[in-house]
Amino acid sequence: MGFMDKFKNKFKQSEEKQEVSTKYKEGMKKTRSSFSGKINNLIARYRKVDEDFFEELEEILISADVGVMTVMDLIDELKMEVKRQNIHDTKEVKEIISEKLVEIYYGEADEKIEEIHLEEGQLSVILVVGVNGVGKTTSIGKLAHQLKQKGKNVVLAAGDTFRAGAIEQLEVWGERAGVDVIKQNAGSDPAAVIFDGIKAAKSRNADVLICDTAGRLQNKVNLMNELSKVKRVIEREIPGAPHEVLLVLDATTGQNALNQAKTFSEATDVSGIVLTKLDGTAKGGIVLAIRNELQIPVKFVGLGEQMDDLREFDAHAFVYGLFADMLQEEE
C-alpha cells in the first residue's frame with residue numbers, strides 16, 4: 001500500500017480524524033497552493049527523475065521555508081530511495097516526498113513527541129514564552145479553553161507585566177475561557193506574579209497553571225535574566241516544573257521565527273513550539289525546519305481565528321494538508 005493510500009485510510013478512520021484533516025486542509029491553503037502547484041508543475045515538465053529535477057525540487061522546498069539543512073537531508077534521502085526502488089517516472093516521486101517529510105519530522109522520536117506533558121494528580125505548570133506580537137496571549141487563552149474542554153481546572157498567571165494592555169488582554173481571554181487570572185499591577189516583578197499564581201493554583205486545586213511572560217527582545221539580556229528568574233521560582237515551588245516551556249512563534253515570519261527559537265532555547269529549555277498564523281502564510285514548511293534544525297517538536301498550530309482553531313500538531317495531518325489537492329486529483 002502506497003503512502004497516499006495509507007494517508008487516506010488514516011483520515012477516513014474516524015470522524016475526529018476527518019475533522020482534523022479538514023482543519024489542516026483549510027488552514028494550509030496558502031502554503032499548499034504555492035507548494036503543490038510548483039511540485040505538480042515540476043512533475044508535468046520532467047518525464048524522468050534526473051539531477052535537474054532534484055535541483056528544481058530543492059529550490060521549491062527552500063522557497064516554502066523548509067530550511068536549507070532540512071532540504072539537503074531530504075534530497076539525499078530521496079535520491080537514495082529513488083535508486084533503491086529503481087524509480088524513473090517523476091509521478092512516483094510525489095509519494096516518496098510526502099513519506100520522507102513525515103519521517104524527517106519524527107526522526108528517531110516516536111509520535112508522542114507532539115503531545116503536551118501534564119502531570120496526573122498534581123499541579124502542572126506551563127510556561128509560555130515568545131516575543132511581543134506573535135499571538136502569545138491569544139494562544140494562552142485558546143490553550144486554556146482547550147484544557148478546560150478536557151475537564152481540567154485551569155488558572156492563568158499574568159506574568160507579562162510590561163507590555164501595555166497585556167494584563168487586561170489576558171483577563172479578557174480568561175473570561176472567554178471561563179478561567180481565573182492571577183495578576184498584579186503593571187510593572188510588577190514577573191517572578192512575584194508567577195509565585196502568586198502558583199499559590200493560587202494550589203489553593204484552588206487547579207490541574208494546570210499557564211504562565212504568561214514578557215517578550216521584549218530588544219533588551220535581550222534583561223528578558224533572558226527575567227525568564228531564568230521566573231523559571232527558578234517555578235522550580236523551587238514545584239519540583240520538576242515547569243512541565244512544558246512553550247515558545248510561541250508567528251509562522252508568517254518564516255526564517256525569523258527560527259532565529260527567535262534559537263535565542264529562546266539558549267535562555268530556557270523550550271520543550272515545544274506553538275506556531276500561530278499557519279493559515280496566513282505560504283511558508284508553512286517552517287514547521288519542518290524548526291523540528292529538524294532545533295530538535296524541538298511543534299505541539300500546537302494556529303489554523304484560524306476561532307477559539308478552537310489552536311490545534312494539537314499532527315505531522316501526518318500537516319503533510320496531508322500540503323498534498324490534499326494532489327490526493328483529490330488521484331482520486
# chains A, B, ... in the order shown; residues from 1 in each chain; ligands from 1
$ residues_around --residues "Lys100 in chain A" --least-positions-apart "3" --cutoff "12 Å" --atoms "only C-alpha atoms" --output "PyMOL selection string"
chain A and resi 3+70-71+73-82+93-97+103-107+288+315-316+319
$ select_by_dssp --residues "range 141-321 of chain A" --states "strand (DSSP E)" --output "PyMOL selection string"
chain A and resi 154-157+180-182+208-211+244-250+272-276+298-302+310-312
$ select_by_dssp --residues "range 56-243 of chain A" --states "helix (DSSP H, G or I)" --output "PyMOL selection string"
chain A and resi 56-63+68-84+91-106+111-114+136-149+166-177+190-203+217-237
$ residues_around --residues "Arg291 in chain A" --least-positions-apart "3" --cutoff "12 Å" --atoms "only C-alpha atoms" --output "MDAnalysis selection string"
chainID A and resid 66:67 69:70 101:109 113:114 258 261:262 271:275 285:288 294:299 313 315
$ closest_residue --among "A:Ile140, A:Met72, A:Val230, A:Val128" --to "Val172 in chain A" --atoms "only C-alpha atoms"
A:Ile140
$ atom_distance --atom1 "CA of Glu171 in chain A" --atom2 "CA of Ile198 in chain A"
17.2 Å
$ residues_around --residues "Lys183 in chain A" --least-positions-apart "4" --cutoff "9 Å" --atoms "only C-alpha atoms" --output "list in words"
Leu156, Ala157, Ala158, Gly159, Thr161, Ile167, Glu171, Val193, Ile194, Asp196 and Gly197 of chain A
$ closest_residue --among "A:Gln149, A:Asn132, A:Lys229, A:Ala166" --to "Val248 in chain A" --atoms "only C-alpha atoms"
A:Asn132
$ residues_around --residues "Phe35 in chain A" --least-positions-apart "6" --cutoff "10 Å" --atoms "only C-alpha atoms" --output "JSON, numbers by chain"
{"A": [29, 41, 60, 61, 63, 64, 282, 283, 284, 285, 322, 323]}
$ write_last_selection --atoms "C-alpha atoms" --output "JSON list (two decimals), in the first residue's frame"
[["chain", "number", "residue", "atom", "x", "y", "z"],
["A", 29, "LYS", "CA", -4.49, 26.68, 1.76],
["A", 41, "ASN", "CA", 4.27, 21.84, -12.43],
["A", 60, "ILE", "CA", 10.79, 24.66, -4.36],
["A", 61, "LEU", "CA", 11.33, 23.22, -0.87],
["A", 63, "SER", "CA", 11.12, 28.64, -1.07],
["A", 64, "ALA", "CA", 8.49, 27.02, 1.22],
["A", 282, "ALA", "CA", 2.64, 30.31, 2.13],
["A", 283, "LYS", "CA", 5.80, 29.34, 4.05],
["A", 284, "GLY", "CA", 4.35, 26.56, 6.21],
["A", 285, "GLY", "CA", 7.48, 24.48, 5.63],
["A", 322, "LEU", "CA", 0.34, 20.01, 1.92],
["A", 323, "PHE", "CA", -0.69, 17.31, -0.55]]
$ atom_distance --atom1 "CA of Pro242 in chain A" --atom2 "CA of Leu118 in chain A"
9.8 Å
$ atom_distance --atom1 "CA of Ile39 in chain A" --atom2 "CA of Gly304 in chain A"
25.6 Å
$ residues_around --residues "Val179 in chain A" --least-positions-apart "4" --cutoff "12 Å" --atoms "only C-alpha atoms" --output "PyMOL selection string"
chain A and resi 140-149+151-157+170-175+201+204+206-210
$ closest_residue --among "A:Ala324, A:Val270, A:Leu310, A:Val221" --to "Ser36 in chain A" --atoms "only C-alpha atoms"
A:Ala324
$ residues_around --residues "Gly215 in chain A" --least-positions-apart "4" --cutoff "10 Å" --atoms "only C-alpha atoms" --output "PDB file with C-alpha atoms, in the first residue's frame"
ATOM      1  CA  VAL A 129       7.447  32.462  26.151  1.00  0.00           C
ATOM      2  CA  GLY A 130       7.878  34.446  22.923  1.00  0.00           C
ATOM      3  CA  VAL A 131       8.370  37.964  21.581  1.00  0.00           C
ATOM      4  CA  ASN A 132       5.585  40.555  21.558  1.00  0.00           C
ATOM      5  CA  GLY A 133       3.190  40.418  18.644  1.00  0.00           C
ATOM      6  CA  VAL A 134       3.334  36.702  17.848  1.00  0.00           C
ATOM      7  CA  LYS A 136       1.225  34.664  22.795  1.00  0.00           C
ATOM      8  CA  ASP A 160       3.798  39.896  31.163  1.00  0.00           C
ATOM      9  CA  PHE A 162       5.485  45.340  30.993  1.00  0.00           C
ATOM     10  CA  ARG A 163       3.573  45.436  27.709  1.00  0.00           C
ATOM     11  CA  ASN A 219      16.809  44.253  25.619  1.00  0.00           C
ATOM     12  CA  LYS A 220      17.590  40.588  25.286  1.00  0.00           C
ATOM     13  CA  LEU A 223      14.493  39.479  29.210  1.00  0.00           C
ATOM     14  CA  MET A 224      16.541  36.293  29.415  1.00  0.00           C
ATOM     15  CA  LEU A 227      12.851  34.326  32.265  1.00  0.00           C
TER      16      LEU A 227
END
$ closest_residue --among "A:Val181, A:Leu249, A:Ala257, A:Ile290" --to "Ser139 in chain A" --atoms "only C-alpha atoms"
A:Leu249
$ closest_residue --among "A:Val49, A:Ala251, A:Ala191, A:Leu127" --to "Cys211 in chain A" --atoms "only C-alpha atoms"
A:Leu127
